[in-house]
Amino acid sequence: MGSLADTILIIVVLLNLALLGTGRLRPSIRLVAAQGMILGLLPLLVSEHGAGLRLALLAVATVALKGVAFPKLLYRSLRSSNAKHEIDPVVGVTASVPLGLLLLAGSFWMASRFQLPAGVEVASNLVLPVALATILCGLFLIITRLQALNQVLGYLVLENGIFVFGVALAHEEPFLVETGVLLDVFVGVFVMGIAIFHISRTFDHIDVKQLSRLKD
Amino acid sequence: MRFLPLILALILSPLMRGIINRTKARFAGRQGPPLLQPYYDLWKLLQKGAVYSTTTTWIFRAGPIISLAATLVAAMLMPLGGWPAAMSFSGDLIVFAYLLGLGRFLTVVAALDTGSAFEGMGASREVFYSALAEPALLLGLAAIAKISVGGSILSSLSQMHSQISLHLWAESGVVLVFVALALFIVFLTENSRIPVDDPTTHLELTMIHEVMVLDHSGPDFAFILYGASLKLWLLGALIVGLVVPSSGIWVVDLLADLVGMIAISVITGAVESMMARLRLVRVPQLLVGAGALAVLALVLEYKN
Amino acid sequence: MTIAALILIPAASGLLSFWLPSQLGRRALLVAAAVMHLGLTLSLWSARPEPTPGSWLAVDTPGLLFLTIASTLFMASAIYCTGYLSHEDVATHIDREERFLFSNEPESVFIGCLLLFLASMTLVTLSQHFGLLWVGVEATTLASAPLIYFHRNHRSLEATWKYLLICSVGIALALMGNFVLAVSASAAQAHDVNLHVTNLLANASKLDGVWLKAAFLFFLVGYGTKMGLAPMHTWLPDAHSEAPSPVSALLSGALLNCAFLGIFRVHQLCTAAGEGEFSRSLLVVFGLMSMSVAAVFILRARDFKRMLAYSSVEHMGILAIGVGLGGAGVLGAIFHAFNHSFTKAALFLAAGNILLVYDTKSINDVRGVQRRLPITGALWLAGFLAITGTPPFGTFLSEFTVLRAALDADRAVVATLYLVLLAIIFIGMANVMLKMSQGTAPESTPNSSKDKLVSVGPSLVLASLVFMFGFYIPKPLRNAFDEVTLSVREKKDSLEESATIVPLRVENETLTAISTEVQSALHEHGTEPKTDAEEIRE
């Protein structure tokens, strides 16, 4: 039980690093989809009472949304926009990977400073550092990538990190809130997809660096 | 018995090259050269005379010899799987890494000594890649040290490899896989294999290692070829020692390790046949990725 | 029932208006829903209904206060929209800066999203569960994004994109805050953790301190992004200036407050758990940062709607400082929320009129508003006085109360910075707004409209409310303020605090008592001294 959760979390970290190291949009979408699908397995492993109906439904919903629905939406946005399939990030692709490692080391350090309160069991020791690392990686992607689609991918990675934390540590939360969260992320990505469509139609590109008319 | 890994290295290393070439030929649908072809090549070269350019100095003559000597000393340090090496002392893995570095340095210097721009270009590229591969190598070694001996990098290679058992694999399997992958990428880089460099090409734009040794001939070239095969064997042994668990029974261990070396040769041949050489700008990304894997392994080990 | 109606009426109207074909019908629906919503909200002041089953939604005092603000502002915007939309009802428009042609969003989408926006804000104010509150805030982001993109040109698209991305990131961090809060709460009851506000407040002492502080930090940064605290405010000037004026009024006046409610509830929790010191100091720091950023950018303002947006950042900073100072500062902050919202909405609606007539947002190109549009000009001037905290408007009293709290707490640095920044902002805004309203009107303006009832009426009502607050605050409102202030009082200072709470009666004094008599004025009780004092000491 513990080591399967460990393996899943390690794969998540690898996918983060791979995302940081890839320079193209299509593989990035695939990597985020893979991350979402792998994370869908996590709810089944957290509760020590075995996977109840609620957690199973959550797992299915996660895989369906993050592994299938979001990539479809994003591929459609990609197709309809004139996106250059290469991206030129602010921090180069080669430099991003060591920075991502630095963030990973930082999250391990930060996580070691937090003691989980008594009464909280966790599926794996790696949950807190991996969650923090994924959140930081998502934020890093949003900041350094210049294509709007990549920023949405960074947002999805951020949500994945929060999901890891939530599912593993706060899994007593009522079903309503969890589905509310998933739905919100879905609608959020949907709306962002529409926005990207509009951006590409208005500007003929989705390079965010050029969205800088409004300034003081 | 102590010298078994050394003897095996000295005798069998050209065979590795033969296996790789055979595998590539088979992938291409050809019959391929005989497995012992590298030995024949070495023998032929040793009997020839050497031709030296007038612009070269003693460095050019000394280069191949000292480089081979460095590689031989490194061979004394490398164990084969569970078999301890001829020499082992604490911290020998750093000496190992830098002996190989010394060999490379001398090759580069000899190349620069010819005064040809062609070799100079190859030399600069080679040095660039090694600069990137070195952190990956050292981090990978550090990771092995942490996993196997749980401690400082100042343990000896023999000690570390003897600790790799099935039990260790069951415990930290994932981490070992990462380290093995990282070291395999370093292996491909240091030995100038595809996807980093193409050992069979002779086109100006694409040569890296080959270009540096273009001017050597006769026995010098034989030394260089033999040194390269030895390096191939040694780095392969590093990975095999990591991947093949040692069970304690010497016959089984020996056979397992030899099978491992053959497997690495076949895998290298397969990789060479299936991939094309990467663009020059992509190689740093590959090497950074290897370094990242090694760091990830280290971080995960420290966490546990 | 009332609670459900409060959310369902706008939601259903919103969904209905997406499909309603008749333009008149849609606008009528908008106003009707606004009236019903305002009516229901005001009825809550007389009788609080029962919470919904499971206590997910209930009416408590902070929620009711912010709901009232939102509802009133929506009513004003809805009335203004009827006039605004008839102006905007042209097939293509010429962009005012770059002279290209663009079209607007379909009106059905606009009105639908407006109503859904109201529904989601109501959800935020009424929810008693942190998770549900989060869902509400996320819903407001998604409902308001199309509203910003009403004028379909690339500047508003840029503003919409920034808004969407930055606020989504902020809200994602707030979600993390929810989860960290759940971890903190599981120290209290391992297997029965839930994030109901009342539940958490009851178990406050058992919450894990470290995790609670981490949760507060996440909430502050997350909801603070939505609220417009610096340095997470970067979306605010763009979004509030590119959106149509009635939407800007709602965004600045109502939405920022709703985000603040989220932070306030966590702050309540921290205080109850004994970590009040931490949360208060963070609030003061962010508040001062916001005011500083706003001051710098207001001085350099070249676009009057952007200037108003930065002014919102400033006032959100004042809110944060007020709550961060504690004691009377909280009263000042909540009162200030009312004053600022009404004033800012009035100003944005007036700005909408100016924009319509002059067809430019640039400060240098607008002169003589006073002469060209008399009522709007008067509103602009009055609004300037109100927003910068000049007596006799209510803003003066609320800002003064916050200052007073800073001085009472011996925080000289905070008080000095506060005053200096307020002065800088006053100078900046005076420079701009006086220049705009005085001078000779241009011979011909691009549009020849005059002030109509529907375009100045709402602003006049809002401005007069702020004026009234300078003299008189209705009793129920005053009681509500006191209740909220007491709810974040630290448990340890019980009786000593009541002595400094006495200055809460400041609103009942006339302004002639200000300046030298201010000390005595502050210590005098209101009209019912005994009963109020008894209430406090309970």
# chains A, B, ... in the order shown; residues from 1 in each chain; ligands from 1
>>> interface_residues(of="chain C", to="chain A", cutoff="9 Å", atoms="only C-alpha atoms", output="ChimeraX atom specification")
/C:131-132,134-135,138-139,141-142,145,153-155,157-161,164-165,168-169,172-173,175-176,178-184,186-195,208,210-211,237-238,297,300-303,306
>>> closest_atom_pairs(of="chain A", to="chain B", cutoff="7 Å", atoms="only C-alpha atoms", output="CSV")
residue,atom,partner,partner_atom,distance
A:Thr94,CA,B:Gln285,CA,5.2
A:Val97,CA,B:Ala292,CA,7.0
A:Pro98,CA,B:Ala292,CA,6.7
A:Leu101,CA,B:Ala292,CA,6.8
A:Ala105,CA,B:Val299,CA,6.8
>>> residues_around(residues="segment 350-366 of chain C", least_positions_apart="3", cutoff="7 Å", atoms="only C-alpha atoms", output="NGL selection string")
:C and (96 or 245 or 302-305 or 346-347 or 376 or 379-380 or 432 or 436 or 445-449 or 459)
>>> residues_around(residues="segment 216-218 of chain C", least_positions_apart="5", cutoff="8 Å", atoms="only C-alpha atoms", output="PDB file with C-alpha atoms, in the first residue's frame")
ATOM      1  CA  LEU C 173      -4.165  28.758  -3.455  1.00  0.00           C
ATOM      2  CA  ALA C 174      -7.267  29.446  -1.397  1.00  0.00           C
ATOM      3  CA  MET C 176      -5.007  24.748  -0.682  1.00  0.00           C
ATOM      4  CA  GLY C 177      -5.837  26.890   2.316  1.00  0.00           C
ATOM      5  CA  ILE C 263     -10.313  36.395   4.753  1.00  0.00           C
ATOM      6  CA  VAL C 266     -10.461  32.839   8.692  1.00  0.00           C
ATOM      7  CA  HIS C 267      -9.218  35.749  10.763  1.00  0.00           C
ATOM      8  CA  CYS C 270      -7.454  32.527  14.086  1.00  0.00           C
ATOM      9  CA  SER C 279      -3.100  37.087  11.301  1.00  0.00           C
TER      10      SER C 279
END
>>> residues_around(residues="Arg76 of chain A", least_positions_apart="4", cutoff="12 Å", atoms="only C-alpha atoms", output="list of chain:residue names")
A:Arg26, A:Ile29, A:Ala69, A:Phe70, A:Pro71, A:Lys72, A:Ser80, A:Ser81, A:Asn82, A:Ala83, A:Leu149, A:Phe190, A:Gly193, A:Ile194, A:Ile196, A:Phe197
>>> atom_distance(atom1="atom CA of Val122 of chain A", atom2="atom CA of Val221 of chain C")
26.3 Å
>>> residues_around(residues="Phe223 of chain B", least_positions_apart="4", cutoff="8 Å", atoms="only C-alpha atoms", output="list of chain:residue names")
B:Pro64, B:Ile65, B:Leu68, B:Pro219, B:Gly227
>>> residues_around(residues="segment 36-38 of chain A", least_positions_apart="3", cutoff="12 Å", atoms="only C-alpha atoms", output="JSON, numbers by chain")
{"A": [4, 5, 7, 8, 9, 10, 11, 12, 13, 14, 15, 16, 29, 30, 31, 32, 33, 41, 42, 43, 44, 45, 59, 60, 61, 62, 63, 64, 65, 66, 67, 68, 69, 70, 71, 153, 156, 157, 158, 159, 160, 161, 163, 164, 182]}
>>> select_by_dssp(residues="segment 247-277 of chain B", states="alpha helix (DSSP H)", output="PyMOL selection string")
chain B and resi 250-274
>>> atom_distance(atom1="atom CA of Ile7 of chain B", atom2="atom CA of Met78 of chain B")
11.4 Å
>>> atom_distance(atom1="atom CA of Ser90 of chain B", atom2="atom CA of Leu137 of chain B")
17.8 Å
>>> decode(residues="segment 34-59 of chain B", atoms="C-alpha atoms", output="short mmCIF file (atom, residue, chain, number, x, y, z; two decimals), in the first residue's frame")
data_model
loop_
_atom_site.label_atom_id
_atom_site.label_comp_id
_atom_site.auth_asym_id
_atom_site.auth_seq_id
_atom_site.Cartn_x
_atom_site.Cartn_y
_atom_site.Cartn_z
CA PRO B 34 32.62 -11.30 -36.90
CA LEU B 35 32.42 -10.85 -33.15
CA LEU B 36 36.19 -10.95 -32.82
CA GLN B 37 36.74 -8.29 -35.47
CA PRO B 38 38.01 -5.66 -32.99
CA TYR B 39 40.78 -8.03 -31.92
CA TYR B 40 41.82 -8.50 -35.53
CA ASP B 41 41.77 -4.73 -36.00
CA LEU B 42 44.00 -4.20 -32.99
CA TRP B 43 46.42 -6.84 -34.16
CA LYS B 44 46.57 -5.31 -37.63
CA LEU B 45 47.18 -1.84 -36.28
CA LEU B 46 49.93 -2.93 -33.94
CA GLN B 47 51.87 -4.29 -36.84
CA LYS B 48 51.72 -1.11 -38.84
CA GLY B 49 54.05 1.82 -38.68
CA ALA B 50 52.97 5.16 -37.38
CA VAL B 51 52.99 8.39 -39.38
CA TYR B 52 53.41 11.65 -37.52
CA SER B 53 52.64 15.08 -38.83
CA THR B 54 55.40 17.64 -38.65
CA THR B 55 53.32 20.09 -36.68
CA THR B 56 52.90 17.73 -33.77
CA THR B 57 55.14 17.58 -30.73
CA TRP B 58 55.85 15.00 -28.07
CA ILE B 59 52.37 15.51 -26.67
#
